[in-house]
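J.: Next comes work_31.pdb, PDB, C-alpha atoms and all ligand atoms:
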```pdb
ATOM      1  CA  MET R 506    -123.924 108.721 -49.789
ATOM      2  CA  GLN R 507    -125.131 105.995 -52.094
ATOM      3  CA  ARG R 508    -122.931 104.589 -54.796
ATOM      4  CA  ALA R 509    -125.232 105.805 -57.598
ATOM      5  CA  SER R 510    -125.217 109.403 -56.384
ATOM      6  CA  LEU R 511    -121.440 109.251 -55.887
ATOM      7  CA  ALA R 512    -121.067 108.171 -59.496
ATOM      8  CA  ARG R 513    -123.334 110.998 -60.595
ATOM      9  CA  LEU R 514    -121.304 113.473 -58.528
ATOM     10  CA  ALA R 515    -118.088 112.164 -60.082
ATOM     11  CA  ALA R 516    -119.584 112.496 -63.571
ATOM     12  CA  ALA R 517    -120.724 116.061 -62.831
ATOM     13  CA  LEU R 518    -117.267 116.936 -61.489
ATOM     14  CA  ALA R 519    -115.570 115.473 -64.558
ATOM     15  CA  LEU R 520    -117.876 117.504 -66.785
ATOM     16  CA  ALA R 521    -117.162 120.691 -64.839
ATOM     17  CA  LEU R 522    -113.405 120.100 -65.074
ATOM     18  CA  ALA R 523    -113.658 119.414 -68.802
ATOM     19  CA  ALA R 524    -115.616 122.653 -69.272
ATOM     20  CA  LEU R 525    -113.031 124.592 -67.284
ATOM     21  CA  GLY R 526    -110.285 123.012 -69.361
ATOM     22  CA  ALA R 527    -112.071 124.061 -72.543
ATOM     23  CA  VAL R 528    -112.356 127.641 -71.276
ATOM     24  CA  LEU R 529    -108.678 127.694 -70.333
ATOM     25  CA  PHE R 530    -107.382 126.264 -73.579
ATOM     26  CA  LEU R 531    -109.887 127.401 -76.191
ATOM     27  CA  THR R 532    -109.859 131.043 -75.112
ATOM     28  CA  PRO R 533    -108.702 133.263 -77.981
ATOM     29  CA  TRP R 534    -105.305 133.850 -76.394
ATOM     30  CA  GLY R 535    -104.445 136.672 -78.734
ATOM     31  CA  ARG R 536    -107.076 138.918 -77.224
ATOM     32  CA  SER R 537    -106.466 138.140 -73.583
ATOM     33  CA  LEU R 538    -104.019 140.487 -71.943
ATOM     34  CA  TRP R 539    -103.691 138.987 -68.539
ATOM     35  CA  SER R 540    -105.468 135.951 -67.232
ATOM     36  CA  LYS R 541    -104.889 135.033 -63.685
ATOM     37  CA  GLU R 542    -105.904 131.589 -62.575
ATOM     38  CA  GLY R 543    -106.141 132.594 -58.917
ATOM     39  CA  GLU R 544    -108.632 130.018 -57.682
ATOM     40  CA  ALA R 545    -108.414 127.673 -60.643
ATOM     41  CA  THR R 546    -105.797 125.234 -59.403
ATOM     42  CA  ILE R 547    -106.497 123.093 -62.467
ATOM     43  CA  GLY R 548    -104.704 125.689 -64.620
ATOM     44  CA  GLN R 549    -101.721 125.667 -62.311
ATOM     45  CA  ALA R 550    -101.585 121.908 -62.503
ATOM     46  CA  LEU R 551    -101.779 121.779 -66.289
ATOM     47  CA  ILE R 552     -99.251 124.381 -67.441
ATOM     48  CA  GLY R 553     -95.528 124.044 -66.879
ATOM     49  CA  GLY R 554     -93.359 121.207 -65.724
ATOM     50  CA  PRO R 555     -89.886 119.824 -65.999
ATOM     51  CA  PHE R 556     -87.650 120.634 -68.951
ATOM     52  CA  HIS R 557     -84.075 119.713 -69.841
ATOM     53  CA  LEU R 558     -82.615 122.143 -72.356
ATOM     54  CA  THR R 559     -79.418 124.027 -73.229
ATOM     55  CA  ASP R 560     -78.957 127.796 -72.973
ATOM     56  CA  GLN R 561     -77.326 130.232 -75.412
ATOM     57  CA  ASN R 562     -73.962 129.700 -73.702
ATOM     58  CA  GLY R 563     -74.123 125.937 -74.157
ATOM     59  CA  LYS R 564     -74.947 125.315 -70.489
ATOM     60  CA  PRO R 565     -77.512 122.595 -69.648
ATOM     61  CA  ARG R 566     -80.546 124.113 -67.910
ATOM     62  CA  THR R 567     -83.543 122.548 -66.222
ATOM     63  CA  ASP R 568     -86.676 124.106 -64.733
ATOM     64  CA  ALA R 569     -85.203 123.447 -61.264
ATOM     65  CA  ASP R 570     -82.370 125.943 -61.968
ATOM     66  CA  PHE R 571     -84.929 128.756 -61.905
ATOM     67  CA  ARG R 572     -86.651 128.109 -58.568
ATOM     68  CA  GLY R 573     -86.893 131.340 -56.595
ATOM     69  CA  GLN R 574     -87.310 133.384 -59.775
ATOM     70  CA  TYR R 575     -90.470 134.581 -61.471
ATOM     71  CA  LEU R 576     -90.321 133.387 -65.064
ATOM     72  CA  LEU R 577     -91.729 134.837 -68.256
ATOM     73  CA  VAL R 578     -91.771 131.828 -70.567
ATOM     74  CA  TYR R 579     -92.207 132.334 -74.291
ATOM     75  CA  PHE R 580     -91.873 129.831 -77.137
ATOM     76  CA  GLY R 581     -90.902 130.957 -80.647
ATOM     77  CA  TYR R 582     -88.037 130.855 -83.138
ATOM     78  CA  THR R 583     -85.350 133.245 -84.278
ATOM     79  CA  SER R 584     -86.336 133.309 -87.982
ATOM     80  CA  CYS R 585     -89.847 134.457 -87.029
ATOM     81  CA  PRO R 586     -90.452 137.641 -89.036
ATOM     82  CA  ASP R 587     -92.688 139.586 -86.682
ATOM     83  CA  VAL R 588     -94.485 138.109 -83.689
ATOM     84  CA  CYS R 589     -91.476 136.646 -81.867
ATOM     85  CA  PRO R 590     -89.169 139.684 -82.082
ATOM     86  CA  THR R 591     -92.068 141.990 -81.211
ATOM     87  CA  THR R 592     -92.982 139.898 -78.172
ATOM     88  CA  LEU R 593     -89.369 139.662 -76.984
ATOM     89  CA  GLN R 594     -89.027 143.429 -77.354
ATOM     90  CA  THR R 595     -92.236 143.899 -75.331
ATOM     91  CA  ILE R 596     -90.830 141.591 -72.634
ATOM     92  CA  THR R 597     -87.572 143.584 -72.699
ATOM     93  CA  ASN R 598     -89.493 146.842 -72.241
ATOM     94  CA  ALA R 599     -91.558 145.300 -69.411
ATOM     95  CA  MET R 600     -88.331 144.240 -67.660
ATOM     96  CA  ASP R 601     -87.006 147.799 -67.994
ATOM     97  CA  LYS R 602     -90.225 149.144 -66.453
ATOM     98  CA  LEU R 603     -89.797 146.832 -63.449
ATOM     99  CA  GLY R 604     -86.585 148.615 -62.427
ATOM    100  CA  ALA R 605     -84.862 146.862 -59.502
ATOM    101  CA  ASP R 606     -87.653 144.247 -59.352
ATOM    102  CA  ALA R 607     -86.453 142.899 -62.700
ATOM    103  CA  ALA R 608     -83.779 141.038 -60.699
ATOM    104  CA  LYS R 609     -86.572 138.739 -59.445
ATOM    105  CA  VAL R 610     -87.687 137.883 -62.992
ATOM    106  CA  THR R 611     -86.031 135.721 -65.652
ATOM    107  CA  PRO R 612     -87.458 135.873 -69.175
ATOM    108  CA  ILE R 613     -87.035 132.543 -70.961
ATOM    109  CA  PHE R 614     -87.252 132.068 -74.731
ATOM    110  CA  ILE R 615     -87.591 128.456 -75.859
ATOM    111  CA  THR R 616     -87.139 127.758 -79.548
ATOM    112  CA  VAL R 617     -89.631 125.597 -81.413
ATOM    113  CA  ASP R 618     -87.092 125.377 -84.264
ATOM    114  CA  PRO R 619     -84.119 123.504 -82.757
ATOM    115  CA  GLU R 620     -83.021 122.443 -86.259
ATOM    116  CA  ARG R 621     -81.898 126.001 -87.089
ATOM    117  CA  ASP R 622     -81.746 127.566 -83.618
ATOM    118  CA  THR R 623     -78.421 126.282 -82.330
ATOM    119  CA  THR R 624     -76.856 127.767 -79.191
ATOM    120  CA  ASP R 625     -74.740 130.113 -81.364
ATOM    121  CA  VAL R 626     -77.781 131.351 -83.275
ATOM    122  CA  LEU R 627     -79.646 131.868 -79.978
ATOM    123  CA  LYS R 628     -76.708 133.729 -78.458
ATOM    124  CA  ALA R 629     -76.587 136.254 -81.294
ATOM    125  CA  TYR R 630     -80.382 136.617 -81.261
ATOM    126  CA  ALA R 631     -80.720 137.003 -77.475
ATOM    127  CA  SER R 632     -78.166 139.835 -77.486
ATOM    128  CA  ASN R 633     -80.839 142.002 -79.161
ATOM    129  CA  PHE R 634     -83.061 141.798 -76.099
ATOM    130  CA  HIS R 635     -82.942 142.068 -72.303
ATOM    131  CA  PRO R 636     -79.602 140.979 -70.756
ATOM    132  CA  ARG R 637     -81.478 138.650 -68.361
ATOM    133  CA  LEU R 638     -83.059 136.743 -71.259
ATOM    134  CA  VAL R 639     -82.231 133.032 -71.233
ATOM    135  CA  ALA R 640     -82.644 131.433 -74.672
ATOM    136  CA  LEU R 641     -83.032 127.669 -74.723
ATOM    137  CA  THR R 642     -82.716 124.992 -77.364
ATOM    138  CA  GLY R 643     -82.398 121.213 -77.286
ATOM    139  CA  SER R 644     -83.001 118.059 -79.244
ATOM    140  CA  ALA R 645     -86.278 117.721 -81.134
ATOM    141  CA  ASP R 646     -87.529 115.444 -78.349
ATOM    142  CA  GLU R 647     -86.477 117.812 -75.565
ATOM    143  CA  ILE R 648     -88.226 120.730 -77.271
ATOM    144  CA  ALA R 649     -91.340 118.621 -77.861
ATOM    145  CA  ALA R 650     -91.439 117.683 -74.172
ATOM    146  CA  ALA R 651     -91.075 121.313 -73.046
ATOM    147  CA  ALA R 652     -93.741 122.497 -75.505
ATOM    148  CA  LYS R 653     -96.087 119.772 -74.321
ATOM    149  CA  ALA R 654     -95.582 120.769 -70.686
ATOM    150  CA  TYR R 655     -96.545 124.359 -71.541
ATOM    151  CA  ARG R 656     -99.387 123.390 -73.893
ATOM    152  CA  ILE R 657     -97.656 125.052 -76.842
ATOM    153  CA  TYR R 658     -98.634 124.143 -80.389
ATOM    154  CA  TYR R 659     -95.994 124.350 -83.122
ATOM    155  CA  ALA R 660     -95.626 122.956 -86.615
ATOM    156  CA  LYS R 661     -93.222 123.280 -89.526
ATOM    157  CA  VAL R 662     -94.690 125.006 -92.596
ATOM    158  CA  GLY R 663     -92.991 124.647 -95.977
ATOM    159  CA  GLU R 664     -89.958 122.749 -97.220
ATOM    160  CA  GLY R 665     -86.256 123.353 -97.717
ATOM    161  CA  THR R 666     -84.253 125.875 -95.731
ATOM    162  CA  ASN R 667     -86.833 128.656 -95.896
ATOM    163  CA  TYR R 668     -89.542 126.911 -93.930
ATOM    164  CA  SER R 669     -91.412 128.764 -91.215
ATOM    165  CA  MET R 670     -92.929 127.620 -87.941
ATOM    166  CA  ASP R 671     -96.520 128.013 -86.876
ATOM    167  CA  HIS R 672     -96.645 128.402 -83.116
ATOM    168  CA  SER R 673     -98.764 129.555 -80.195
ATOM    169  CA  SER R 674     -97.745 132.983 -78.975
ATOM    170  CA  ILE R 675     -98.334 133.113 -75.239
ATOM    171  CA  VAL R 676     -96.201 134.647 -72.502
ATOM    172  CA  TYR R 677     -96.567 132.573 -69.333
ATOM    173  CA  LEU R 678     -95.844 133.956 -65.899
ATOM    174  CA  MET R 679     -94.550 131.241 -63.587
ATOM    175  CA  GLY R 680     -93.990 131.680 -59.850
ATOM    176  CA  PRO R 681     -90.806 131.137 -57.813
ATOM    177  CA  ASP R 682     -92.088 127.634 -56.991
ATOM    178  CA  GLY R 683     -92.387 126.796 -60.700
ATOM    179  CA  LYS R 684     -96.185 126.988 -60.644
ATOM    180  CA  TYR R 685     -98.242 128.711 -63.318
ATOM    181  CA  LEU R 686     -99.579 132.129 -62.268
ATOM    182  CA  GLY R 687    -101.147 133.419 -65.485
ATOM    183  CA  HIS R 688    -100.397 134.399 -69.054
ATOM    184  CA  PHE R 689    -100.273 137.363 -71.409
ATOM    185  CA  GLY R 690    -101.685 137.272 -74.920
ATOM    186  CA  MET R 691    -100.273 138.721 -78.120
ATOM    187  CA  ASP R 692    -101.799 142.162 -77.567
ATOM    188  CA  ALA R 693    -100.322 142.649 -74.109
ATOM    189  CA  THR R 694     -98.194 145.781 -73.807
ATOM    190  CA  ALA R 695     -95.044 146.205 -71.739
ATOM    191  CA  ASP R 696     -97.186 148.063 -69.174
ATOM    192  CA  ASP R 697     -99.635 145.139 -69.015
ATOM    193  CA  ILE R 698     -96.825 142.672 -68.413
ATOM    194  CA  ALA R 699     -95.032 144.857 -65.850
ATOM    195  CA  ALA R 700     -98.338 145.406 -63.996
ATOM    196  CA  GLY R 701     -99.161 141.671 -64.080
ATOM    197  CA  ILE R 702     -95.770 140.821 -62.593
ATOM    198  CA  ARG R 703     -95.921 143.636 -60.007
ATOM    199  CA  ALA R 704     -99.267 142.304 -58.781
ATOM    200  CA  GLU R 705     -97.546 139.007 -57.936
ATOM    201  CA  LEU R 706     -94.334 140.305 -56.325
TER     202      LEU R 706
HETATM  203 NI    NI B 801     -92.966 133.658 -83.954
END
```
In structure tokens, write the structure found in this file.
Ligand code: NI
T.:
Amino acid sequence: MQRASLARLAAALALALAALGAVLFLTPWGRSLWSKEGEATIGQALIGGPFHLTDQNGKPRTDADFRGQYLLVYFGYTSCPDVCPTTLQTITNAMDKLGADAAKVTPIFITVDPERDTTDVLKAYASNFHPRLVALTGSADEIAAAAKAYRIYYAKVGEGTNYSMDHSSIVYLMGPDGKYLGHFGMDATADDIAAGIRAEL
């Protein structure tokens, strides 16, 4: 193949990848219940990655600790008035629907508000939800790195102690090898999540 046509092929490939990326990341997440990136290895490559955080019992946790488990990864914050508690309750209900298979799944809640969400705050909050829930916090930098790995947007809104956090609300399903399998949007029900997980087990 000639160099010029190789360059054209490379340009076309780059364009195709960029378009796929746009579809993956500009999709109105809130309306998508379950998106599986079966053949799209680009999605698997782009979502997830190493994190170094601390759980609600004060124990350091990294992504490597969870190999062998399916993970439901959700970012939010404990002062969130509606979306976060609703989503965590939906995850809890999905875990209950999985029965014995729930032992293969670890739901992970990562705070985007490490300033207020200390390990003690997370411990009290997590006790409202599924007993397998792991709630993680860390330094501002550690949280930023984890959010970046999972393509999560978050931003502080307001001043003083009553500020809120804007944040993406996506439940990621990660495989036992740590690779991205798909995600659930805000409208996903417990049945949707349980079915999505069951399809992968
Ligand atoms: Ni929230």
J.: Report as a PyMOL selection string which protein, DNA and RNA residues come within 12 Å of ligand NI 801 (chain B), using all atoms listed in the file.
T.: chain R and resi 579-593+614-618+658-661+669-676+691
J.: Would you pick out the contacts of Lys653 of chain R at 12 Å or less, using all atoms listed in the file, so that residues sharing its chain but fewer than 2 positions from it are not included, and give the list as a count of residues only?
T.: 20
J.: Mind listing whatever residues come within 12 Å of the point (-89.1, 148.6, -66.1)? Use only C-alpha atoms, file coordinates, and give them as a PyMOL selection string.
T.: chain R and resi 595-608+610+635+695-700+702-703
J.: Here is a test: counting all atoms listed in the file, which residue of R:Thr694, R:Thr611, R:Gln561, R:Thr666 is nearest to Ser632 of chain R?
T.: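 Smallest separation from Ser632 of chain R among the options: R:Gln561.
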J.: Kindly compute an axis-aligned box around the listed atoms of segment 662-673 of chain R, allowing 3 Å on each side, and express its centre and edge lengths in Å to one decimal as JSON.
T.:
```
{"center_x": -91.5, "center_y": 126.2, "center_z": -89.0, "size_x": 20.5, "size_y": 12.8, "size_z": 23.5}
```
J.: When you look at Gly680 of chain R with a cut-off of 9 Å (counting only C-alpha atoms), what residues show up, excluding the ones that are within fewer than 4 positions of it in the same chain? I need them as a list in words.
T.: Arg572, Gly573, Gln574, Tyr575, Leu576, Lys684, Tyr685, Leu686 and Glu705 of chain R
J.: Which one is closest to His688 of chain R: R:Val578, R:Ala704, R:Ala652, R:Leu638? Count all atoms listed in the file.
T.: R:Val578
J.: Atom CA of Asn562 of chain R and atom CA of Ala640 of chain R, how far apart in Å?
T.: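 Distance reported for this atom pair: 8.9 Å.
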J.: Specify as an NGL selection string each residue included when the PyMOL selection byres (((chain R and resi 625) around 12) and not hetatm) is applied to this file.
T.: :R and (559-564 or 583 or 619 or 621-624 or 626-632 or 640-642)
J.: To one decimal place, how far is atom CA of Met679 of chain R from atom CA of Val639 of chain R in Å?
T.: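 Between atom CA of Met679 of chain R and atom CA of Val639 of chain R the gap works out to 14.6 Å.
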J.: For each of R:Ser644, R:Asn667, R:Gln594, R:Asn633, take the minimum atom-to-atom distance to Leu558 of chain R, counting only C-alpha atoms, then give the residue where this is smallest.
T.: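 Looking only at the distances to Leu558 of chain R, the closest residue turns out to be R:Ser644.
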J.: Quote the spacing between atom CA of Lys609 of chain R and atom CA of Ala569 of chain R in Å to one decimal place.
T.: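 According to the coordinates, atom CA of Lys609 of chain R and atom CA of Ala569 of chain R are separated by 15.5 Å.
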J.: Which is closest to Tyr677 of chain R among R:Leu706, R:Ala654, R:Glu664, R:Arg566, if we use all atoms listed in the file?
T.: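 Checking each of R:Leu706, R:Ala654, R:Glu664, R:Arg566 against Tyr677 of chain R, counting all atoms listed in the file, the winner is R:Ala654.
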